[in-house]
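Chemist: Structure in structure tokens, see below.
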There are 2 protein chains.
Amino acid sequence: LIEGLRRRAARLRKNPAVTTGIGDDCAVLRIPAGHELLVTTDLSVEGTHFRRDWHAPGVVGHRCLTRGLSDIAAMGGEPLAAFLSLALPPKLPQDWVAGFVRGLMKLAAQFRVTLAGGDTSASIEGITADIVVIGSVPQGEALLRSGARPGDRIYVTGDLGGSAAAIARLLKRPRSKLRAAEYPQHFRPQPRLAIGKWLRQRGLASAMIDISDGLSTDLGHLCEESSVGAEVWGEAIPLATVGRPRRQVELPPALHGGDDYELLFTVPDETPVPKQIAGVKITEIGEITGAKQRWIVHHGLRSELREQGWEHFTR
Amino acid sequence: LIEGLRRRAARLRKNPAVTTGIGDDCAVLRIPAGHELLVTTDLSVEGTHFRRDWHAPGVVGHRCLTRGLSDIAAMGGEPLAAFLSLALPPKLPQDWVAGFVRGLMKLAAQFRVTLAGGDTSASIEGITADIVVIGSVPQGEALLRSGARPGDRIYVTGDLGGSAAAIARLLKRPRSKLRAAEYPQHFRPQPRLAIGKWLRQRGLASAMIDISDGLSTDLGHLCEESSVGAEVWGEAIPLATVGRPRRQVELPPALHGGDDYELLFTVPDETPVPKQIAGVKITEIGEITGAKQRWIVHHGLRSELREQGWEHFTR
């Protein structure tokens, strides 16, 4: 397997940051001068993050790397290299692994990320993939969760709830197959790297996080790290359009559904923010407050916005 | 769990390289000027790398981090930060996780490694831990596997076969408990960071690798990457002393047994090498040759040294 990854990695355009890749005790990377290093690790576990009967291997590979790239995007960074550790059950068809790696590598090539190492092992049961992504950002410029201030406006990229809608549909009809084209946010989520970089370069955002656990939970993380509160406007939340015939998701999956991999960021009041960045819609959904509670105002009613984020589908 | 790790990580003396640790989308690290980055990832999977009935949780945590630190040692690097991803089965006692983390953190503190992030998830069955260690090395000075040249002498640190002897004993009597003090190489392996750094600083070694898969396999990796062969002297191989009463292991576990985490390195001929480095015995065991085969000479007989490295105990 490592040999296969190595051959495949060798064919890709290499990221020049990687001076020694697969084949030594460690990978050796050269970080651009004046830059800091970003490191993120994300598990993709069978039964928790994916099911083999619901997700094609290429989709699992794509989603696995998206988790890591999205974290780099949320810091305003640029990805350099990825490391993949795979624990695989004894009876797993070789085809499955090949498809997984193809899906992952396709996304890696798109963002010029070198697969620079990893590990493989037998598991007792079930597939566990751990993806590590290394990125860089000019020193001191990483967009943290902790920079939001009262009065800042809250923005999100794209639409929310599309991935949760796919899960809800799969849970309701476990034997049905969904078309990836009808639920793109679930099957082919796009890490918002260009938007993260754009915001960082222009110094626009005061804080940023990616929505991997759901808006209510991730806004909670951002508020906690910034020691602030928030008020979100229910009618403003951009709802994903999914399925066939296409229809908008309801508010709850958009508020609480995870795995959308959109960005949530805050911008000081009166700073103009474009309606689109890198071709993706940007929507203002609320504001940061001084009191530490989080509220949602919907149909004129103000209620507490509780964290009801992403409970994975096995729990 | 993440909260627990975070509190525990906060109590440790932080490595100054980590500017943002657990609690954001990514960790942010500052690599010393003029240094390159080292990255290694290693899986520790229940049933393959450890068994709960054989290994106390603290031992599993210690061994898990040793795998990563040993890779940093093998490059002559210094470790900065670790990232831990844990997939845990639903019924795992909380005590087990606490013991695992204690064992890992104790070793981390010893080498001033900051636990700077990670991920946790439910698994279907069995514990999977993936450890990522980030280190640094002055630019261009990393000790690679590829630098060995014909005529170079081959050295190893410490004694070999002690870990394989423990596994052999456990396989023979699966219900017996072994004392860690009688099989220290297996239960408390020491990453040879001081030796790796010493060799790198003095520019003594032409190539280096850690012995995680067994001498025959890891010498094979080094020879392949260097496009050379090797001749090893059977009588010179330092055999570990284990058990009670204490006795030396046989040659086969020392040649083929894995998980010793000693270093194997090559040094140009006629360069003097001390008998001890950082308090650990150094033994010359053979030489690098131009022909690409690998041989062992033992009791006057010359035979091919086949890679019979570490087959983990479930296979």
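Letters A, B, ... go to the chains of the structure tokens in the order shown; residues in each chain start at 1; ligands are counted from 1 in the same order.
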Considering only C-alpha atoms, return as number ranges by chain whatever protein or nucleic-acid residues lie within 12 Å of Val39 (chain A), sequence-local ones (same chain, fewer than 6 positions apart) excluded.

Modeler: A: 68-75, 77-83, 131-137, 142; B: 18-22, 24-30, 37, 39, 81-84, 115-118, 132-134

Chemist: Quick one: residues within 9 Å of region 148-161 of chain A, only C-alpha atoms, excluding same-chain residues fewer than 6 positions away - as a PyMOL selection string?

Modeler: chain A and resi 185+192+195+205-208+211+214-215+222-223+225-232+237-241+249-260+262-270+276-277+280-291

Chemist: May I ask which of the residues B:Gly234, B:Gly220, B:Gly47, B:Gly279 is the closest one to chain A, counting only C-alpha atoms?

Modeler: B:Gly47

Chemist: With only C-alpha atoms as the basis for distance, which of A:Asp95, A:Glu125, A:Asp218, A:Glu235 is at the shortest distance from chain B?

Modeler: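 The shortest atom-to-atom distance to chain B comes from A:Glu125.
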
Chemist: Hey, what does DSSP flag as alpha helix (DSSP H) within region 176-241 of chain A? Can you give it to me as JSON, numbers by chain?

Modeler: {"A": [184, 185, 186, 187, 193, 194, 195, 196, 197, 198, 199, 200, 201, 202, 215, 216, 217, 218, 219, 220, 221, 222, 223, 224, 225, 226]}

Chemist: Restrict the selected residues to N, CA and C atoms and save them as a PDB file, in the first residue's frame.

Modeler:
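Output (out.pdb):
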ATOM      1  N   PRO A 184     -24.336  17.803  -3.128  1.00  0.00           N
ATOM      2  CA  PRO A 184     -22.898  18.065  -3.304  1.00  0.00           C
ATOM      3  C   PRO A 184     -22.191  18.446  -2.002  1.00  0.00           C
ATOM      4  N   GLN A 185     -22.877  19.150  -1.101  1.00  0.00           N
ATOM      5  CA  GLN A 185     -22.215  19.557   0.153  1.00  0.00           C
ATOM      6  C   GLN A 185     -21.808  18.344   0.979  1.00  0.00           C
ATOM      7  N   HIS A 186     -22.584  17.256   0.842  1.00  0.00           N
ATOM      8  CA  HIS A 186     -22.244  16.053   1.604  1.00  0.00           C
ATOM      9  C   HIS A 186     -21.190  15.202   0.902  1.00  0.00           C
ATOM     10  N   PHE A 187     -21.353  15.020  -0.403  1.00  0.00           N
ATOM     11  CA  PHE A 187     -20.485  14.067  -1.104  1.00  0.00           C
ATOM     12  C   PHE A 187     -19.222  14.698  -1.668  1.00  0.00           C
ATOM     13  N   LEU A 193     -10.394  27.265   0.799  1.00  0.00           N
ATOM     14  CA  LEU A 193      -9.027  27.779   0.935  1.00  0.00           C
ATOM     15  C   LEU A 193      -8.849  29.157   0.313  1.00  0.00           C
ATOM     16  N   ALA A 194      -9.447  29.365  -0.857  1.00  0.00           N
ATOM     17  CA  ALA A 194      -9.263  30.656  -1.538  1.00  0.00           C
ATOM     18  C   ALA A 194      -9.888  31.784  -0.718  1.00  0.00           C
ATOM     19  N   ILE A 195     -11.036  31.503  -0.094  1.00  0.00           N
ATOM     20  CA  ILE A 195     -11.708  32.535   0.703  1.00  0.00           C
ATOM     21  C   ILE A 195     -10.895  32.844   1.972  1.00  0.00           C
ATOM     22  N   GLY A 196     -10.417  31.783   2.624  1.00  0.00           N
ATOM     23  CA  GLY A 196      -9.612  31.980   3.830  1.00  0.00           C
ATOM     24  C   GLY A 196      -8.386  32.841   3.542  1.00  0.00           C
ATOM     25  N   LYS A 197      -7.718  32.531   2.438  1.00  0.00           N
ATOM     26  CA  LYS A 197      -6.511  33.276   2.075  1.00  0.00           C
ATOM     27  C   LYS A 197      -6.858  34.735   1.729  1.00  0.00           C
ATOM     28  N   TRP A 198      -7.937  34.909   0.984  1.00  0.00           N
ATOM     29  CA  TRP A 198      -8.384  36.256   0.590  1.00  0.00           C
ATOM     30  C   TRP A 198      -8.625  37.105   1.840  1.00  0.00           C
ATOM     31  N   LEU A 199      -9.343  36.552   2.792  1.00  0.00           N
ATOM     32  CA  LEU A 199      -9.669  37.295   4.016  1.00  0.00           C
ATOM     33  C   LEU A 199      -8.410  37.627   4.814  1.00  0.00           C
ATOM     34  N   ARG A 200      -7.490  36.669   4.881  1.00  0.00           N
ATOM     35  CA  ARG A 200      -6.256  36.895   5.624  1.00  0.00           C
ATOM     36  C   ARG A 200      -5.409  37.978   4.953  1.00  0.00           C
ATOM     37  N   GLN A 201      -5.290  37.902   3.621  1.00  0.00           N
ATOM     38  CA  GLN A 201      -4.447  38.859   2.905  1.00  0.00           C
ATOM     39  C   GLN A 201      -4.963  40.283   3.045  1.00  0.00           C
ATOM     40  N   ARG A 202      -6.293  40.443   3.099  1.00  0.00           N
ATOM     41  CA  ARG A 202      -6.864  41.785   3.205  1.00  0.00           C
ATOM     42  C   ARG A 202      -7.059  42.228   4.656  1.00  0.00           C
ATOM     43  N   LEU A 215     -23.243  25.058  12.806  1.00  0.00           N
ATOM     44  CA  LEU A 215     -23.156  26.491  13.096  1.00  0.00           C
ATOM     45  C   LEU A 215     -23.289  26.779  14.589  1.00  0.00           C
ATOM     46  N   SER A 216     -24.287  26.171  15.262  1.00  0.00           N
ATOM     47  CA  SER A 216     -24.523  26.505  16.673  1.00  0.00           C
ATOM     48  C   SER A 216     -23.317  26.128  17.531  1.00  0.00           C
ATOM     49  N   THR A 217     -22.704  24.980  17.237  1.00  0.00           N
ATOM     50  CA  THR A 217     -21.542  24.531  18.014  1.00  0.00           C
ATOM     51  C   THR A 217     -20.289  25.342  17.668  1.00  0.00           C
ATOM     52  N   ASP A 218     -20.053  25.547  16.386  1.00  0.00           N
ATOM     53  CA  ASP A 218     -18.816  26.227  15.991  1.00  0.00           C
ATOM     54  C   ASP A 218     -18.854  27.715  16.318  1.00  0.00           C
ATOM     55  N   LEU A 219     -20.030  28.350  16.201  1.00  0.00           N
ATOM     56  CA  LEU A 219     -20.157  29.734  16.662  1.00  0.00           C
ATOM     57  C   LEU A 219     -19.892  29.774  18.174  1.00  0.00           C
ATOM     58  N   GLY A 220     -20.360  28.741  18.881  1.00  0.00           N
ATOM     59  CA  GLY A 220     -20.082  28.630  20.315  1.00  0.00           C
ATOM     60  C   GLY A 220     -18.585  28.574  20.601  1.00  0.00           C
ATOM     61  N   HIS A 221     -17.856  27.760  19.825  1.00  0.00           N
ATOM     62  CA  HIS A 221     -16.396  27.677  20.006  1.00  0.00           C
ATOM     63  C   HIS A 221     -15.751  29.049  19.806  1.00  0.00           C
ATOM     64  N   LEU A 222     -16.141  29.721  18.725  1.00  0.00           N
ATOM     65  CA  LEU A 222     -15.558  31.027  18.411  1.00  0.00           C
ATOM     66  C   LEU A 222     -15.856  32.031  19.536  1.00  0.00           C
ATOM     67  N   CYS A 223     -17.111  32.024  20.006  1.00  0.00           N
ATOM     68  CA  CYS A 223     -17.490  32.964  21.080  1.00  0.00           C
ATOM     69  C   CYS A 223     -16.728  32.669  22.366  1.00  0.00           C
ATOM     70  N   GLU A 224     -16.586  31.374  22.694  1.00  0.00           N
ATOM     71  CA  GLU A 224     -15.855  31.022  23.914  1.00  0.00           C
ATOM     72  C   GLU A 224     -14.400  31.475  23.834  1.00  0.00           C
ATOM     73  N   GLU A 225     -13.758  31.213  22.697  1.00  0.00           N
ATOM     74  CA  GLU A 225     -12.346  31.587  22.559  1.00  0.00           C
ATOM     75  C   GLU A 225     -12.173  33.107  22.546  1.00  0.00           C
ATOM     76  N   SER A 226     -13.209  33.826  22.106  1.00  0.00           N
ATOM     77  CA  SER A 226     -13.131  35.289  22.051  1.00  0.00           C
ATOM     78  C   SER A 226     -13.726  35.958  23.285  1.00  0.00           C
TER      79      SER A 226
END

Chemist: Taking only C-alpha atoms into account, name the residue in B:Pro274, B:Gly76, B:Gly103, B:Gly243 that is nearest to chain A.

Modeler: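 Going through B:Pro274, B:Gly76, B:Gly103, B:Gly243 one by one, the smallest distance to chain A is for B:Gly76.
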
Chemist: So, counting only C-alpha atoms, which residue among B:Leu305, B:Leu204, B:Val297, B:Ala109 is closest to Val273 (chain B)?

Modeler: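 Checking each candidate against Val273 (chain B), we get B:Leu204 as the closest.
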
Chemist: Using Å and a single decimal, report how far CA of Leu65 (chain A) sits from CA of Ser121 (chain B).

Modeler: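 Answer for the CA of Ser121 (chain B) to CA of Leu65 (chain A) separation: 16.4 Å.
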
Chemist: Measuring between only C-alpha atoms, which one of A:His62, A:Arg145, A:Lys292, A:Arg246 shows the shortest distance to chain B?

Modeler: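 Of all the options, A:Arg145 lies closest to chain B.
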
Chemist: List the neighbours of Arg52 (chain A) out to 12 Å using only C-alpha atoms; skip same-chain residues closer than 2 positions along the sequence, and give me the result as a VMD selection string.

Modeler: chain A and resid 45 to 50 54 to 61 92 to 93 96 to 97 99 to 100 126 to 127 174 to 175 177

Chemist: Store the residues picked out above, limited to N, CA, C and O atoms, as a tab-separated table (two decimals), in the first residue's frame.

Modeler:
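So part-v2.tsv came out as:
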chain	number	residue	atom	x	y	z
A	45	VAL	N	-13.71	7.81	10.66
A	45	VAL	CA	-13.88	6.46	11.19
A	45	VAL	C	-15.17	5.84	10.63
A	45	VAL	O	-16.22	6.47	10.65
A	46	GLU	N	-15.02	4.63	10.15
A	46	GLU	CA	-16.18	3.91	9.62
A	46	GLU	C	-17.25	3.77	10.71
A	46	GLU	O	-16.95	3.45	11.86
A	47	GLY	N	-18.50	4.01	10.33
A	47	GLY	CA	-19.59	3.91	11.30
A	47	GLY	C	-19.85	5.22	12.02
A	47	GLY	O	-20.93	5.42	12.56
A	48	THR	N	-18.85	6.10	12.05
A	48	THR	CA	-19.04	7.40	12.69
A	48	THR	C	-19.07	8.51	11.64
A	48	THR	O	-19.98	9.32	11.61
A	49	HIS	N	-18.07	8.53	10.76
A	49	HIS	CA	-18.00	9.57	9.74
A	49	HIS	C	-18.47	9.10	8.37
A	49	HIS	O	-18.74	9.92	7.50
A	50	PHE	N	-18.47	7.82	8.16
A	50	PHE	CA	-18.95	7.30	6.87
A	50	PHE	C	-19.42	5.87	7.03
A	50	PHE	O	-19.09	5.21	8.03
A	54	TRP	N	-23.13	3.64	2.18
A	54	TRP	CA	-23.65	4.96	1.82
A	54	TRP	C	-22.65	5.79	1.01
A	54	TRP	O	-23.03	6.66	0.25
A	55	HIS	N	-21.38	5.56	1.27
A	55	HIS	CA	-20.35	6.42	0.69
A	55	HIS	C	-19.38	5.61	-0.16
A	55	HIS	O	-18.76	4.68	0.34
A	56	ALA	N	-19.25	6.00	-1.42
A	56	ALA	CA	-18.27	5.37	-2.31
A	56	ALA	C	-16.87	5.65	-1.76
A	56	ALA	O	-16.65	6.68	-1.10
A	57	PRO	N	-15.90	4.75	-2.00
A	57	PRO	CA	-14.56	4.95	-1.44
A	57	PRO	C	-13.93	6.30	-1.82
A	57	PRO	O	-13.28	6.94	-0.99
A	58	GLY	N	-14.16	6.73	-3.06
A	58	GLY	CA	-13.60	8.02	-3.50
A	58	GLY	C	-14.18	9.19	-2.71
A	58	GLY	O	-13.49	10.17	-2.43
A	59	VAL	N	-15.46	9.07	-2.36
A	59	VAL	CA	-16.12	10.10	-1.55
A	59	VAL	C	-15.50	10.14	-0.15
A	59	VAL	O	-15.24	11.21	0.40
A	60	VAL	N	-15.24	8.97	0.41
A	60	VAL	CA	-14.65	8.91	1.75
A	60	VAL	C	-13.26	9.55	1.73
A	60	VAL	O	-12.89	10.33	2.63
A	61	GLY	N	-12.47	9.27	0.69
A	61	GLY	CA	-11.14	9.87	0.55
A	61	GLY	C	-11.22	11.38	0.40
A	61	GLY	O	-10.45	12.13	1.03
A	92	LEU	N	-10.91	-6.21	3.85
A	92	LEU	CA	-11.25	-5.07	3.00
A	92	LEU	C	-10.74	-5.29	1.57
A	92	LEU	O	-9.56	-5.55	1.37
A	93	PRO	N	-11.63	-5.18	0.55
A	93	PRO	CA	-11.16	-5.36	-0.82
A	93	PRO	C	-10.11	-4.30	-1.19
A	93	PRO	O	-10.24	-3.14	-0.80
A	96	TRP	N	-11.29	-1.07	-2.65
A	96	TRP	CA	-11.80	-0.01	-1.78
A	96	TRP	C	-10.69	0.98	-1.46
A	96	TRP	O	-10.86	2.19	-1.56
A	97	VAL	N	-9.53	0.43	-1.09
A	97	VAL	CA	-8.39	1.28	-0.73
A	97	VAL	C	-7.95	2.12	-1.93
A	97	VAL	O	-7.69	3.32	-1.80
A	99	GLY	N	-9.74	3.12	-4.46
A	99	GLY	CA	-10.73	4.16	-4.71
A	99	GLY	C	-10.62	5.30	-3.70
A	99	GLY	O	-10.71	6.48	-4.06
A	100	PHE	N	-10.41	4.92	-2.46
A	100	PHE	CA	-10.23	5.91	-1.39
A	100	PHE	C	-9.04	6.83	-1.70
A	100	PHE	O	-9.14	8.05	-1.65
A	126	GLY	N	-13.35	-2.48	10.98
A	126	GLY	CA	-13.65	-1.10	10.60
A	126	GLY	C	-12.42	-0.35	10.11
A	126	GLY	O	-11.29	-0.64	10.50
A	127	ILE	N	-12.69	0.62	9.26
A	127	ILE	CA	-11.64	1.45	8.66
A	127	ILE	C	-11.47	2.70	9.51
A	127	ILE	O	-12.45	3.36	9.85
A	174	PRO	N	-32.29	3.84	4.82
A	174	PRO	CA	-30.88	3.40	4.85
A	174	PRO	C	-30.44	2.63	3.60
A	174	PRO	O	-29.26	2.56	3.33
A	175	ARG	N	-31.37	2.06	2.87
A	175	ARG	CA	-30.96	1.27	1.70
A	175	ARG	C	-30.92	2.07	0.41
A	175	ARG	O	-30.52	1.54	-0.61
A	177	LYS	N	-29.77	4.85	-2.33
A	177	LYS	CA	-28.50	5.47	-2.72
A	177	LYS	C	-28.80	6.92	-3.06
A	177	LYS	O	-29.76	7.21	-3.77
